[in-house]
$ cat run-v2.tsv   # TSV, C-alpha atoms
chain	number	residue	atom	x	y	z
S	1	MET	CA	22.10	22.20	38.92
S	2	PRO	CA	20.65	19.23	40.84
S	3	GLN	CA	22.10	16.78	38.31
S	4	LEU	CA	25.62	17.52	39.51
S	5	ASN	CA	24.84	17.02	43.18
S	6	PRO	CA	26.53	13.73	44.09
S	7	GLU	CA	24.34	13.20	47.10
S	8	PHE	CA	22.01	10.79	45.32
S	9	PHE	CA	24.42	9.35	42.73
S	10	VAL	CA	24.72	6.04	44.51
S	11	SER	CA	20.98	5.83	45.03
S	12	GLN	CA	20.31	6.61	41.38
S	13	LEU	CA	22.86	4.06	40.17
S	14	PHE	CA	21.58	1.43	42.58
S	15	TRP	CA	17.95	1.77	41.55
S	16	LEU	CA	18.88	2.08	37.89
S	17	ALA	CA	20.80	-1.18	38.15
S	18	VAL	CA	17.90	-2.86	39.95
S	19	PHE	CA	15.17	-1.70	37.61
S	20	PHE	CA	17.11	-1.98	34.38
S	21	THR	CA	18.33	-5.46	35.24
S	22	PHE	CA	14.80	-6.50	36.13
S	23	LEU	CA	13.49	-5.00	32.90
S	24	PHE	CA	16.19	-6.66	30.83
S	25	VAL	CA	15.69	-10.09	32.37
S	26	PHE	CA	11.93	-9.84	32.20
S	27	LEU	CA	11.88	-8.77	28.56
S	28	TRP	CA	14.55	-11.30	27.63
S	29	ARG	CA	12.86	-14.22	29.36
S	30	VAL	CA	9.15	-13.41	29.20
S	31	SER	CA	7.95	-10.68	26.90
S	32	LEU	CA	10.17	-10.98	23.86
S	33	PRO	CA	9.84	-14.77	23.48
S	34	ARG	CA	6.08	-14.31	23.59
S	35	ILE	CA	6.08	-11.75	20.83
S	36	ALA	CA	8.55	-13.87	18.88
S	37	THR	CA	6.24	-16.88	19.24
S	38	VAL	CA	3.29	-14.90	17.95
S	39	LEU	CA	5.25	-13.55	15.00
S	40	GLU	CA	6.59	-16.99	14.20
S	41	LYS	CA	3.14	-18.52	14.49
S	42	ARG	CA	1.77	-15.91	12.13
S	43	GLN	CA	4.59	-16.43	9.67
S	44	ASN	CA	4.00	-20.18	9.77
S	45	LYS	CA	0.31	-19.65	9.22
S	46	ILE	CA	0.98	-17.36	6.29
S	47	ASP	CA	3.43	-19.84	4.80
S	48	GLU	CA	0.96	-22.64	5.35
S	49	ASN	CA	-1.82	-20.70	3.68
S	50	LEU	CA	0.42	-19.76	0.81
S	51	SER	CA	1.53	-23.32	0.24
S	52	SER	CA	-2.02	-24.65	0.49
S	53	ALA	CA	-3.15	-21.94	-1.91
S	54	LYS	CA	-0.44	-23.02	-4.30
S	55	GLU	CA	-1.47	-26.63	-3.92
S	56	LEU	CA	-5.09	-25.75	-4.55
S	57	GLN	CA	-4.09	-23.77	-7.59
S	58	GLU	CA	-2.18	-26.73	-8.91
S	59	GLN	CA	-5.15	-28.96	-8.28
S	60	ALA	CA	-7.43	-26.50	-10.02
S	61	MET	CA	-5.09	-26.41	-13.00
S	62	GLU	CA	-5.04	-30.19	-13.09
S	63	ILE	CA	-8.81	-30.30	-12.99
S	64	GLU	CA	-9.00	-27.70	-15.72
S	65	LYS	CA	-6.63	-29.77	-17.81
S	66	LYS	CA	-8.75	-32.85	-17.21
S	67	ILE	CA	-11.88	-30.98	-18.21
S	68	ASN	CA	-10.20	-29.72	-21.35
S	69	ASP	CA	-9.02	-33.21	-22.18
S	70	GLN	CA	-12.48	-34.57	-21.69
S	71	ILE	CA	-13.99	-31.83	-23.80
S	72	ASN	CA	-11.49	-32.58	-26.56
S	73	LYS	CA	-12.17	-36.28	-26.25
S	74	ALA	CA	-15.91	-35.70	-26.37
S	75	LYS	CA	-15.45	-33.49	-29.41
S	76	LEU	CA	-13.45	-36.14	-31.17
S	77	GLU	CA	-16.02	-38.77	-30.27
S	78	THR	CA	-18.91	-36.70	-31.52
S	79	ASP	CA	-17.03	-35.86	-34.68
S	80	GLU	CA	-16.44	-39.55	-35.20
S	81	LYS	CA	-20.08	-40.34	-34.57
S	82	ILE	CA	-21.26	-37.64	-36.88
S	83	LYS	CA	-18.93	-38.91	-39.57
S	84	LYS	CA	-20.10	-42.46	-39.02
S	85	THR	CA	-23.72	-41.45	-39.13
S	86	ILE	CA	-23.19	-39.42	-42.27
S	87	ASN	CA	-21.38	-42.35	-43.89
S	88	ALA	CA	-24.10	-44.75	-42.83
S	89	LEU	CA	-26.76	-42.42	-44.15
S	90	GLN	CA	-24.91	-41.96	-47.42
S	91	GLU	CA	-24.53	-45.70	-47.79
S	92	ASN	CA	-28.15	-46.20	-46.98
S	93	VAL	CA	-29.20	-43.56	-49.45
S	94	SER	CA	-26.97	-44.91	-52.19
S	95	SER	CA	-28.10	-48.47	-51.61
S	96	GLN	CA	-31.71	-47.36	-51.62
S	97	LEU	CA	-31.04	-45.32	-54.71
S	98	SER	CA	-29.45	-48.29	-56.44
S	99	SER	CA	-32.26	-50.61	-55.46
S	100	LEU	CA	-34.67	-47.99	-56.64
S	101	ASP	CA	-32.75	-47.79	-59.87
S	102	LYS	CA	-32.95	-51.57	-60.21
S	103	ASP	CA	-36.64	-51.53	-59.51
S	104	LEU	CA	-37.13	-48.83	-62.02
S	105	GLU	CA	-35.04	-50.64	-64.59
S	106	LYS	CA	-37.01	-53.79	-64.00
S	107	LYS	CA	-40.24	-51.94	-64.23
S	108	VAL	CA	-39.09	-50.23	-67.39
S	109	SER	CA	-38.00	-53.49	-68.92
S	110	ASP	CA	-41.26	-55.12	-67.84
S	111	ALA	CA	-43.17	-52.30	-69.31
S	112	GLU	CA	-41.15	-52.57	-72.51
S	113	LYS	CA	-41.87	-56.28	-72.66
S	114	GLU	CA	-45.51	-55.62	-72.08
S	115	ILE	CA	-45.54	-52.99	-74.71
S	116	LEU	CA	-43.77	-55.30	-77.11
S	117	LYS	CA	-46.12	-58.08	-76.27
S	118	SER	CA	-49.16	-55.92	-76.66
S	119	LYS	CA	-47.69	-54.58	-79.89
S	120	ASN	CA	-47.28	-58.10	-81.16
S	121	ASP	CA	-50.76	-58.95	-80.02
S	122	GLN	CA	-52.10	-55.90	-81.75
S	123	MET	CA	-50.18	-56.78	-84.86
S	124	LYS	CA	-51.61	-60.27	-84.75
S	125	ASN	CA	-54.99	-58.78	-84.16
S	126	ILE	CA	-54.52	-56.41	-87.04
S	127	ASN	CA	-53.38	-59.33	-89.16
S	128	ASN	CA	-56.49	-61.26	-88.25
S	129	GLN	CA	-58.63	-58.25	-88.96
S	130	ILE	CA	-56.89	-57.79	-92.26
S	131	VAL	CA	-57.42	-61.46	-93.01
S	132	ASN	CA	-61.06	-61.24	-92.01
S	133	ILE	CA	-61.64	-58.00	-93.85
S	134	THR	CA	-59.85	-59.29	-96.90
S	135	LYS	CA	-61.81	-62.59	-96.73
S	136	LEU	CA	-65.07	-60.70	-96.43
S	137	THR	CA	-64.17	-58.23	-99.13
S	138	VAL	CA	-62.94	-60.91	-101.51
S	139	GLY	CA	-65.98	-63.03	-100.67
S	140	LYS	CA	-68.37	-60.19	-101.36
S	141	ILE	CA	-66.67	-59.05	-104.55
S	142	THR	CA	-65.99	-62.47	-105.83
S	143	ASP	CA	-67.29	-65.78	-104.75
S	144	ILE	CA	-63.91	-67.11	-104.06
S	145	GLU	CA	-63.49	-68.54	-100.67
S	146	LEU	CA	-60.00	-67.88	-99.46
S	147	SER	CA	-58.57	-69.94	-96.71
S	148	ASP	CA	-56.87	-68.27	-93.80
S	149	ASN	CA	-53.60	-69.91	-94.64
S	150	GLU	CA	-53.60	-68.62	-98.18
S	151	LEU	CA	-54.36	-65.14	-97.01
S	152	ASN	CA	-51.70	-65.26	-94.41
S	153	LYS	CA	-49.20	-66.37	-96.96
S	154	VAL	CA	-50.12	-63.43	-99.19
S	155	ILE	CA	-49.95	-61.00	-96.28
S	156	GLU	CA	-46.65	-62.37	-95.19
S	157	THR	CA	-45.19	-61.90	-98.65
S	158	HIS	CA	-46.46	-58.33	-98.86
S	159	LYS	CA	-45.85	-57.36	-95.33
S	160	GLY	CA	-42.82	-55.35	-96.25
S	161	ASN	CA	-44.94	-53.21	-98.55
S	162	PHE	CA	-47.33	-52.21	-95.76
S	163	ASN	CA	-44.84	-50.88	-93.45
Y	1	MET	CA	21.13	27.23	43.25
Y	2	ALA	CA	17.65	25.83	42.84
Y	3	ALA	CA	15.49	28.58	44.09
Y	4	LYS	CA	11.83	28.08	44.76
Y	5	ASP	CA	10.65	28.90	41.25
Y	6	SER	CA	13.80	27.99	39.37
Y	7	PRO	CA	13.19	26.05	36.15
Y	8	LEU	CA	15.77	23.58	37.43
Y	9	LYS	CA	13.75	22.76	40.52
Y	10	GLN	CA	11.97	20.03	38.61
Y	11	PHE	CA	15.21	18.09	38.43
Y	12	GLU	CA	15.72	17.96	42.17
Y	13	ILE	CA	15.68	14.57	43.76
Y	14	ASP	CA	13.42	14.02	46.73
Y	15	PRO	CA	13.77	10.84	48.75
Y	16	ILE	CA	10.50	9.00	49.25
Y	17	SER	CA	11.91	6.62	51.81
Y	18	ASN	CA	15.42	6.77	53.23
Y	19	ILE	CA	17.37	3.55	52.84
Y	20	GLU	CA	21.01	3.00	53.69
Y	21	LEU	CA	23.09	0.00	52.72
Y	22	GLY	CA	26.69	-0.49	53.80
Y	23	GLY	CA	27.11	3.18	54.52
Y	24	TYR	CA	25.73	4.23	51.13
Y	25	ASN	CA	22.57	6.25	50.73
Y	26	ILE	CA	20.33	4.25	48.42
Y	27	SER	CA	17.11	6.04	49.24
Y	28	PHE	CA	14.10	5.31	47.11
Y	29	THR	CA	13.59	8.69	45.45
Y	30	ASN	CA	11.22	10.30	42.95
Y	31	SER	CA	13.78	9.29	40.33
Y	32	SER	CA	13.58	5.65	41.41
Y	33	PHE	CA	9.81	5.96	41.41
Y	34	ALA	CA	9.87	7.18	37.81
Y	35	MET	CA	12.05	4.19	36.91
Y	36	LEU	CA	9.61	1.89	38.68
Y	37	ILE	CA	6.70	3.38	36.74
Y	38	THR	CA	8.66	3.05	33.50
Y	39	VAL	CA	9.53	-0.58	34.12
Y	40	LEU	CA	5.94	-1.36	35.15
Y	41	VAL	CA	4.51	0.33	32.06
Y	42	ILE	CA	6.87	-1.55	29.74
Y	43	THR	CA	6.51	-4.98	31.32
Y	44	LEU	CA	2.75	-4.76	31.79
Y	45	PHE	CA	2.15	-3.39	28.32
Y	46	LEU	CA	4.33	-5.92	26.55
Y	47	THR	CA	2.93	-8.78	28.62
Y	48	LEU	CA	-0.77	-7.97	28.65
Y	49	THR	CA	-1.11	-6.93	25.04
Y	50	VAL	CA	0.45	-10.15	23.80
Y	51	ASN	CA	-1.36	-12.27	26.37
Y	52	THR	CA	-3.88	-13.68	23.92
Y	53	ARG	CA	-1.10	-14.50	21.41
Y	54	SER	CA	-3.65	-14.11	18.66
Y	55	ILE	CA	-2.56	-14.58	15.09
Y	56	ILE	CA	-4.69	-11.62	14.07
Y	57	PRO	CA	-3.44	-8.99	16.50
Y	58	SER	CA	-5.50	-6.50	18.42
Y	59	ARG	CA	-4.44	-2.87	18.10
Y	60	MET	CA	-2.49	-3.01	21.33
Y	61	GLN	CA	-0.79	-6.25	20.39
Y	62	LEU	CA	0.10	-4.68	17.08
Y	63	ILE	CA	1.87	-1.84	18.90
Y	64	SER	CA	4.01	-4.34	20.81
Y	65	GLU	CA	4.79	-6.22	17.60
Y	66	LEU	CA	5.66	-3.00	15.81
Y	67	MET	CA	8.12	-2.06	18.54
Y	68	TYR	CA	9.61	-5.54	18.38
Y	69	ASN	CA	9.96	-5.41	14.62
Y	70	PHE	CA	11.27	-1.85	14.73
Y	71	ILE	CA	14.24	-2.77	16.90
Y	72	ALA	CA	14.74	-6.13	15.22
Y	73	GLN	CA	14.91	-4.38	11.87
Y	74	LEU	CA	17.28	-1.76	13.26
Y	75	LEU	CA	19.63	-4.43	14.56
Y	76	SER	CA	19.59	-6.54	11.43
Y	77	ASP	CA	20.15	-3.44	9.27
Y	78	THR	CA	23.15	-2.21	11.23
Y	79	VAL	CA	24.74	-5.35	12.66
Y	80	GLY	CA	23.32	-8.16	10.54
Y	81	ASP	CA	22.87	-11.71	11.75
Y	82	ASN	CA	25.35	-11.25	14.60
Y	83	GLY	CA	23.00	-8.71	16.12
Y	84	LYS	CA	20.26	-11.16	17.03
Y	85	ARG	CA	21.74	-12.13	20.37
Y	86	TYR	CA	21.91	-8.49	21.51
Y	87	PHE	CA	18.29	-7.91	20.65
Y	88	PRO	CA	16.94	-8.24	24.22
Y	89	PHE	CA	19.50	-5.75	25.48
Y	90	VAL	CA	19.00	-3.17	22.73
Y	91	PHE	CA	15.25	-3.56	23.00
Y	92	SER	CA	15.35	-3.08	26.78
Y	93	LEU	CA	17.57	-0.05	26.37
Y	94	PHE	CA	15.32	1.49	23.74
Y	95	MET	CA	12.14	0.86	25.71
Y	96	PHE	CA	13.69	2.05	28.97
Y	97	VAL	CA	14.85	5.34	27.48
Y	98	LEU	CA	11.71	5.83	25.39
Y	99	ILE	CA	9.20	5.19	28.15
Y	100	GLY	CA	11.42	7.03	30.65
Y	101	ASN	CA	11.28	10.07	28.36
Y	102	MET	CA	7.55	9.67	27.85
Y	103	VAL	CA	6.86	9.29	31.57
Y	104	GLY	CA	8.82	12.50	31.99
Y	105	MET	CA	6.38	14.27	29.70
Y	106	ILE	CA	3.59	13.73	32.21
Y	107	PRO	CA	3.26	16.98	34.17
Y	108	TYR	CA	4.79	16.89	37.67
Y	109	GLN	CA	6.43	13.59	36.83
Y	110	PHE	CA	10.17	13.24	37.27
Y	111	THR	CA	12.36	12.61	34.19
Y	112	PHE	CA	15.19	10.29	35.15
Y	113	THR	CA	16.78	10.54	31.69
Y	114	SER	CA	17.49	14.21	32.44
Y	115	HIS	CA	20.09	13.08	34.98
Y	116	ILE	CA	23.59	12.72	33.60
Y	117	ILE	CA	24.49	10.00	36.09
Y	118	VAL	CA	21.68	7.79	34.78
Y	119	THR	CA	22.39	8.33	31.10
Y	120	PHE	CA	26.11	8.01	31.72
Y	121	ALA	CA	25.60	4.71	33.50
Y	122	LEU	CA	23.58	3.39	30.57
Y	123	ALA	CA	26.16	4.65	28.08
Y	124	ALA	CA	28.98	3.19	30.17
Y	125	VAL	CA	27.30	-0.21	30.15
Y	126	VAL	CA	27.12	-0.01	26.36
Y	127	PHE	CA	30.70	1.23	26.06
Y	128	ILE	CA	32.22	-1.35	28.39
Y	129	GLY	CA	30.13	-4.13	26.92
Y	130	VAL	CA	31.08	-3.23	23.36
Y	131	THR	CA	34.78	-2.94	24.26
Y	132	ILE	CA	34.76	-6.36	25.92
Y	133	LEU	CA	32.91	-7.72	22.91
Y	134	GLY	CA	35.55	-6.27	20.62
Y	135	PHE	CA	38.34	-7.96	22.55
Y	136	ILE	CA	36.45	-11.24	22.61
Y	137	ASN	CA	35.92	-11.17	18.85
Y	138	HIS	CA	39.32	-9.87	17.76
Y	139	GLY	CA	41.66	-10.25	20.76
Y	140	ILE	CA	44.61	-7.93	20.63
Y	141	LYS	CA	43.79	-7.13	17.00
Y	142	PHE	CA	40.98	-4.96	18.30
Y	143	PHE	CA	43.55	-2.17	18.66
Y	144	THR	CA	43.79	-2.00	14.87
Y	145	PHE	CA	40.40	-0.35	15.16
Y	146	PHE	CA	42.32	2.89	15.78
Y	147	TYR	CA	44.44	2.38	12.68
Y	148	ILE	CA	42.82	3.78	9.58
Y	149	PRO	CA	43.99	1.98	6.45
Y	150	GLY	CA	44.66	3.89	3.24
Y	151	VAL	CA	46.00	7.01	4.91
Y	152	PRO	CA	49.56	8.32	4.34
Y	153	PHE	CA	51.85	6.90	7.03
Y	154	TYR	CA	52.88	10.30	8.36
Y	155	MET	CA	49.24	11.03	9.25
Y	156	HIS	CA	49.04	8.16	11.69
Y	157	PRO	CA	50.71	9.90	14.64
Y	158	LEU	CA	47.92	12.43	14.35
Y	159	LEU	CA	45.04	10.15	13.47
Y	160	ILE	CA	45.56	7.38	16.01
Y	161	PRO	CA	45.26	9.69	19.04
Y	162	ILE	CA	42.19	11.26	17.46
Y	163	GLU	CA	40.64	7.83	16.95
Y	164	VAL	CA	41.42	6.83	20.52
Y	165	ILE	CA	39.95	10.01	21.91
Y	166	SER	CA	36.85	9.71	19.75
Y	167	TYR	CA	36.45	6.11	20.91
Y	168	LEU	CA	36.86	7.02	24.56
Y	169	SER	CA	34.45	9.93	24.26
Y	170	ARG	CA	31.67	7.66	22.99
Y	171	PRO	CA	30.05	7.13	26.38
Y	172	ILE	CA	30.24	10.85	27.06
Y	173	SER	CA	28.68	11.88	23.77
Y	174	LEU	CA	26.06	9.14	24.06
Y	175	SER	CA	25.05	10.13	27.57
Y	176	VAL	CA	25.33	13.90	27.23
Y	177	ARG	CA	23.24	13.87	24.05
Y	178	LEU	CA	20.29	12.33	25.85
Y	179	PHE	CA	20.79	14.21	29.08
Y	180	ALA	CA	21.16	17.62	27.40
Y	181	ASN	CA	18.13	17.13	25.19
Y	182	MET	CA	15.94	16.23	28.13
Y	183	LEU	CA	17.34	18.96	30.32
Y	184	ALA	CA	16.92	21.65	27.69
Y	185	GLY	CA	13.42	20.61	26.68
Y	186	HIS	CA	12.08	20.41	30.20
Y	187	THR	CA	13.75	23.63	31.25
Y	188	LEU	CA	12.32	25.43	28.24
Y	189	LEU	CA	8.85	24.14	29.03
Y	190	LYS	CA	9.19	25.31	32.61
Y	191	VAL	CA	10.45	28.75	31.57
Y	192	PHE	CA	7.52	29.27	29.24
Y	193	ALA	CA	5.15	27.97	31.89
Y	194	GLY	CA	6.51	30.75	34.10
Y	195	PHE	CA	5.73	33.27	31.34
Y	196	VAL	CA	2.12	32.10	31.18
Y	197	VAL	CA	1.62	33.04	34.82
Y	198	SER	CA	3.65	36.21	34.91
Y	199	MET	CA	2.44	37.89	31.70
Y	200	PRO	CA	-0.31	40.51	32.03
Y	201	PHE	CA	-3.92	40.05	30.89
Y	202	PHE	CA	-4.49	37.60	28.10
Y	203	THR	CA	-1.01	37.75	26.62
Y	204	GLY	CA	-0.23	34.61	28.56
Y	205	VAL	CA	-2.12	32.74	25.85
Y	206	PHE	CA	0.88	33.05	23.55
Y	207	PRO	CA	3.42	31.26	25.72
Y	208	LEU	CA	0.67	28.72	26.48
Y	209	ALA	CA	0.25	28.04	22.78
Y	210	PHE	CA	4.01	27.77	22.54
Y	211	ILE	CA	4.02	25.23	25.36
Y	212	VAL	CA	1.43	23.14	23.54
Y	213	ALA	CA	3.54	23.14	20.40
Y	214	LEU	CA	6.71	22.51	22.38
Y	215	THR	CA	5.11	19.56	24.14
Y	216	GLY	CA	4.52	17.97	20.75
Y	217	LEU	CA	8.12	18.62	19.83
Y	218	GLU	CA	9.32	17.22	23.15
Y	219	ILE	CA	7.39	14.01	22.56
Y	220	LEU	CA	9.05	13.76	19.17
Y	221	ILE	CA	12.45	14.35	20.78
Y	222	ALA	CA	11.66	11.78	23.46
Y	223	PHE	CA	11.19	9.19	20.73
Y	224	LEU	CA	14.07	10.47	18.65
Y	225	GLN	CA	16.59	10.36	21.48
Y	226	ALA	CA	15.58	6.83	22.41
Y	227	TYR	CA	15.99	5.89	18.75
Y	228	VAL	CA	19.38	7.59	18.55
Y	229	PHE	CA	20.51	5.84	21.72
Y	230	ALA	CA	19.45	2.49	20.30
Y	231	ILE	CA	20.90	2.99	16.83
Y	232	LEU	CA	24.25	4.21	18.22
Y	233	THR	CA	24.36	1.16	20.45
Y	234	CYS	CA	23.77	-0.97	17.36
Y	235	LEU	CA	26.53	0.82	15.47
Y	236	TYR	CA	28.96	0.33	18.34
Y	237	ILE	CA	28.09	-3.38	18.46
Y	238	ASN	CA	28.70	-3.50	14.73
Y	239	ASP	CA	32.12	-1.87	15.23
Y	240	ALA	CA	32.99	-4.60	17.72
Y	241	TYR	CA	32.40	-7.16	14.97
Y	242	HIS	CA	33.72	-5.38	11.94
Y	243	LEU	CA	36.88	-3.37	12.39
Y	244	HIS	CA	37.66	-0.90	9.63
$ encode --input "run-v2.tsv" --output "structure tokens"
Amino acid sequence: MPQLNPEFFVSQLFWLAVFFTFLFVFLWRVSLPRIATVLEKRQNKIDENLSSAKELQEQAMEIEKKINDQINKAKLETDEKIKKTINALQENVSSQLSSLDKDLEKKVSDAEKEILKSKNDQMKNINNQIVNITKLTVGKITDIELSDNELNKVIETHKGNFN
Amino acid sequence: MAAKDSPLKQFEIDPISNIELGGYNISFTNSSFAMLITVLVITLFLTLTVNTRSIIPSRMQLISELMYNFIAQLLSDTVGDNGKRYFPFVFSLFMFVLIGNMVGMIPYQFTFTSHIIVTFALAAVVFIGVTILGFINHGIKFFTFFYIPGVPFYMHPLLIPIEVISYLSRPISLSVRLFANMLAGHTLLKVFAGFVVSMPFFTGVFPLAFIVALTGLEILIAFLQAYVFAILTCLYINDAYHLH
């Protein structure tokens, strides 16, 4: 078996020592630090991205909160405005209604006065007519000339009987 | 012993250039050449693929990073935080054995991990290093490593020698495991390759198919043995920190 032939043992050991030492030193000093740098860089980048993502998320949540606050505020404001407007409208309506009521009352009372006045006028008129008719009738039937005052007195005393 | 067509002929060492230093023959051989190729492949691959240092890795860079993370994970799982400073060594060991095995899978290419002297030297470095580490960490208390607590006292005369022997046989088991696996696999491949040629008519197709399957298995073993070598090294380092 060639493995047990000691002829090249020293040579094998020598070159093994040379090449393995070279490999070890090279990897230790050059290759492995490079790979380590890359891995570290990547890890840093990942961490950075994660933290910035977290930050952005927080910002987004803050913005969302702000928006919600503003929406709530706007809602409250509009509610207030609507209430105010409704109140103002109601006041307006009620004041208009009351003024309308006053107007109507006034008109009604005016009309009542008018009616009363015209009633009185008519009554006077009727009185006059009665006086005239009575004067004419009495004059025609008899020759007695009745004065208006006399007639009025008679009518006044019998007024209750007419009604 | 190695006849012309012997399956063991592939393990023979041929000097490429004869060098002598202080009376020792340190010829640059096909074995040294395989080591050179291995070291070149590892250093060039790990350097060039990570050259751009891009945050989003290319496929090749990803392979380098995966290897890095694989061994880093292995060390932190077995040794913990203490293991970080041995990472370059364990990584070099893993890559050296892995790529050495893989280079050996190239036809006509020499497999230096199939030589017991090479694997034993690597295992001896691990063994001596770990023993020194144990003494540095625990001083003379390191000998309590051979004392198993919670065992009846009369068992100790039996158990302590067993523990010592098992400790001392670590470099042997570590090196022979790798060496034997490589030797057996490559010999088997060679034997079946001989069948392909010597069998009549088309029946040679069957050993050929077997070789194809076996090559897949050998690649798996190449990885597995490198992994085993690395994980055992990690466990030994862990033992040097944590006695029983």
$ interface_residues --input "run-v2.tsv" --of "chain Y" --to "chain S" --cutoff "7 Å" --atoms "only C-alpha atoms" --output "count of residues only"
26
$ residues_around --input "run-v2.tsv" --residues "Y:Ser114" --least-positions-apart "2" --cutoff "12 Å" --atoms "all atoms listed in the file" --output "VMD selection string"
(chain S and resid 1 to 4) or (chain Y and resid 8 10 to 13 31 34 97 100 to 105 109 to 112 116 to 120 175 to 187 222 225)
$ closest_residue --input "run-v2.tsv" --among "Y:Pro15, Y:Pro157, Y:Pro7, Y:Pro57" --to "Y:Phe33" --atoms "all atoms listed in the file"
Y:Pro15
$ atom_distance --input "run-v2.tsv" --atom1 "atom CA of S:Lys153" --atom2 "atom CA of S:Ile130"
12.4 Å
$ atom_distance --input "run-v2.tsv" --atom1 "atom CA of S:Val131" --atom2 "atom CA of S:Leu151"
6.2 Å
$ atom_distance --input "run-v2.tsv" --atom1 "atom CA of Y:Tyr68" --atom2 "atom CA of Y:Phe94"
10.5 Å
$ residues_around --input "run-v2.tsv" --residues "stretch 242-244 of chain Y" --least-positions-apart "2" --cutoff "7 Å" --atoms "only C-alpha atoms" --output "ChimeraX atom specification"
/Y:145,148,238-240
$ closest_residue --input "run-v2.tsv" --among "S:Glu55, S:Val108, S:Asn127, S:Asn72" --to "S:His158" --atoms "only C-alpha atoms"
S:Asn127
$ residues_around --input "run-v2.tsv" --residues "Y:Leu133" --least-positions-apart "4" --cutoff "9 Å" --atoms "all atoms listed in the file" --output "short mmCIF file (atom, residue, chain, number, x, y, z; two decimals) with C-alpha atoms, keeping the file's coordinate frame"
data_model
loop_
_atom_site.label_atom_id
_atom_site.label_comp_id
_atom_site.auth_asym_id
_atom_site.auth_seq_id
_atom_site.Cartn_x
_atom_site.Cartn_y
_atom_site.Cartn_z
CA ILE Y 128 32.22 -1.35 28.39
CA GLY Y 129 30.13 -4.13 26.92
CA ASN Y 137 35.92 -11.17 18.85
CA HIS Y 138 39.32 -9.87 17.76
CA ILE Y 237 28.09 -3.38 18.46
CA ALA Y 240 32.99 -4.60 17.72
CA TYR Y 241 32.40 -7.16 14.97
#
$ residues_near_point --input "run-v2.tsv" --point "(20.3, -8.4, 18.6)" --cutoff "12 Å" --atoms "all atoms listed in the file" --output "PDB file with C-alpha atoms, in the coordinates of the input"
ATOM      1  CA  TRP S  28      14.550 -11.300  27.630  1.00  0.00           C
ATOM      2  CA  LEU S  32      10.170 -10.980  23.860  1.00  0.00           C
TER       3      LEU S  32
ATOM      4  CA  TYR Y  68       9.610  -5.540  18.380  1.00  0.00           C
ATOM      5  CA  ASN Y  69       9.960  -5.410  14.620  1.00  0.00           C
ATOM      6  CA  PHE Y  70      11.270  -1.850  14.730  1.00  0.00           C
ATOM      7  CA  ILE Y  71      14.240  -2.770  16.900  1.00  0.00           C
ATOM      8  CA  ALA Y  72      14.740  -6.130  15.220  1.00  0.00           C
ATOM      9  CA  GLN Y  73      14.910  -4.380  11.870  1.00  0.00           C
ATOM     10  CA  LEU Y  74      17.280  -1.760  13.260  1.00  0.00           C
ATOM     11  CA  LEU Y  75      19.630  -4.430  14.560  1.00  0.00           C
ATOM     12  CA  SER Y  76      19.590  -6.540  11.430  1.00  0.00           C
ATOM     13  CA  ASP Y  77      20.150  -3.440   9.270  1.00  0.00           C
ATOM     14  CA  THR Y  78      23.150  -2.210  11.230  1.00  0.00           C
ATOM     15  CA  VAL Y  79      24.740  -5.350  12.660  1.00  0.00           C
ATOM     16  CA  GLY Y  80      23.320  -8.160  10.540  1.00  0.00           C
ATOM     17  CA  ASP Y  81      22.870 -11.710  11.750  1.00  0.00           C
ATOM     18  CA  ASN Y  82      25.350 -11.250  14.600  1.00  0.00           C
ATOM     19  CA  GLY Y  83      23.000  -8.710  16.120  1.00  0.00           C
ATOM     20  CA  LYS Y  84      20.260 -11.160  17.030  1.00  0.00           C
ATOM     21  CA  ARG Y  85      21.740 -12.130  20.370  1.00  0.00           C
ATOM     22  CA  TYR Y  86      21.910  -8.490  21.510  1.00  0.00           C
ATOM     23  CA  PHE Y  87      18.290  -7.910  20.650  1.00  0.00           C
ATOM     24  CA  PRO Y  88      16.940  -8.240  24.220  1.00  0.00           C
ATOM     25  CA  PHE Y  89      19.500  -5.750  25.480  1.00  0.00           C
ATOM     26  CA  VAL Y  90      19.000  -3.170  22.730  1.00  0.00           C
ATOM     27  CA  PHE Y  91      15.250  -3.560  23.000  1.00  0.00           C
ATOM     28  CA  SER Y  92      15.350  -3.080  26.780  1.00  0.00           C
ATOM     29  CA  LEU Y  93      17.570  -0.050  26.370  1.00  0.00           C
ATOM     30  CA  ALA Y 230      19.450   2.490  20.300  1.00  0.00           C
ATOM     31  CA  ILE Y 231      20.900   2.990  16.830  1.00  0.00           C
ATOM     32  CA  THR Y 233      24.360   1.160  20.450  1.00  0.00           C
ATOM     33  CA  CYS Y 234      23.770  -0.970  17.360  1.00  0.00           C
ATOM     34  CA  LEU Y 235      26.530   0.820  15.470  1.00  0.00           C
ATOM     35  CA  ILE Y 237      28.090  -3.380  18.460  1.00  0.00           C
ATOM     36  CA  ASN Y 238      28.700  -3.500  14.730  1.00  0.00           C
TER      37      ASN Y 238
END
$ closest_residue --input "run-v2.tsv" --among "Y:Thr131, Y:Asn30, Y:Ser64, Y:Thr203" --to "Y:Leu44" --atoms "only C-alpha atoms"
Y:Ser64
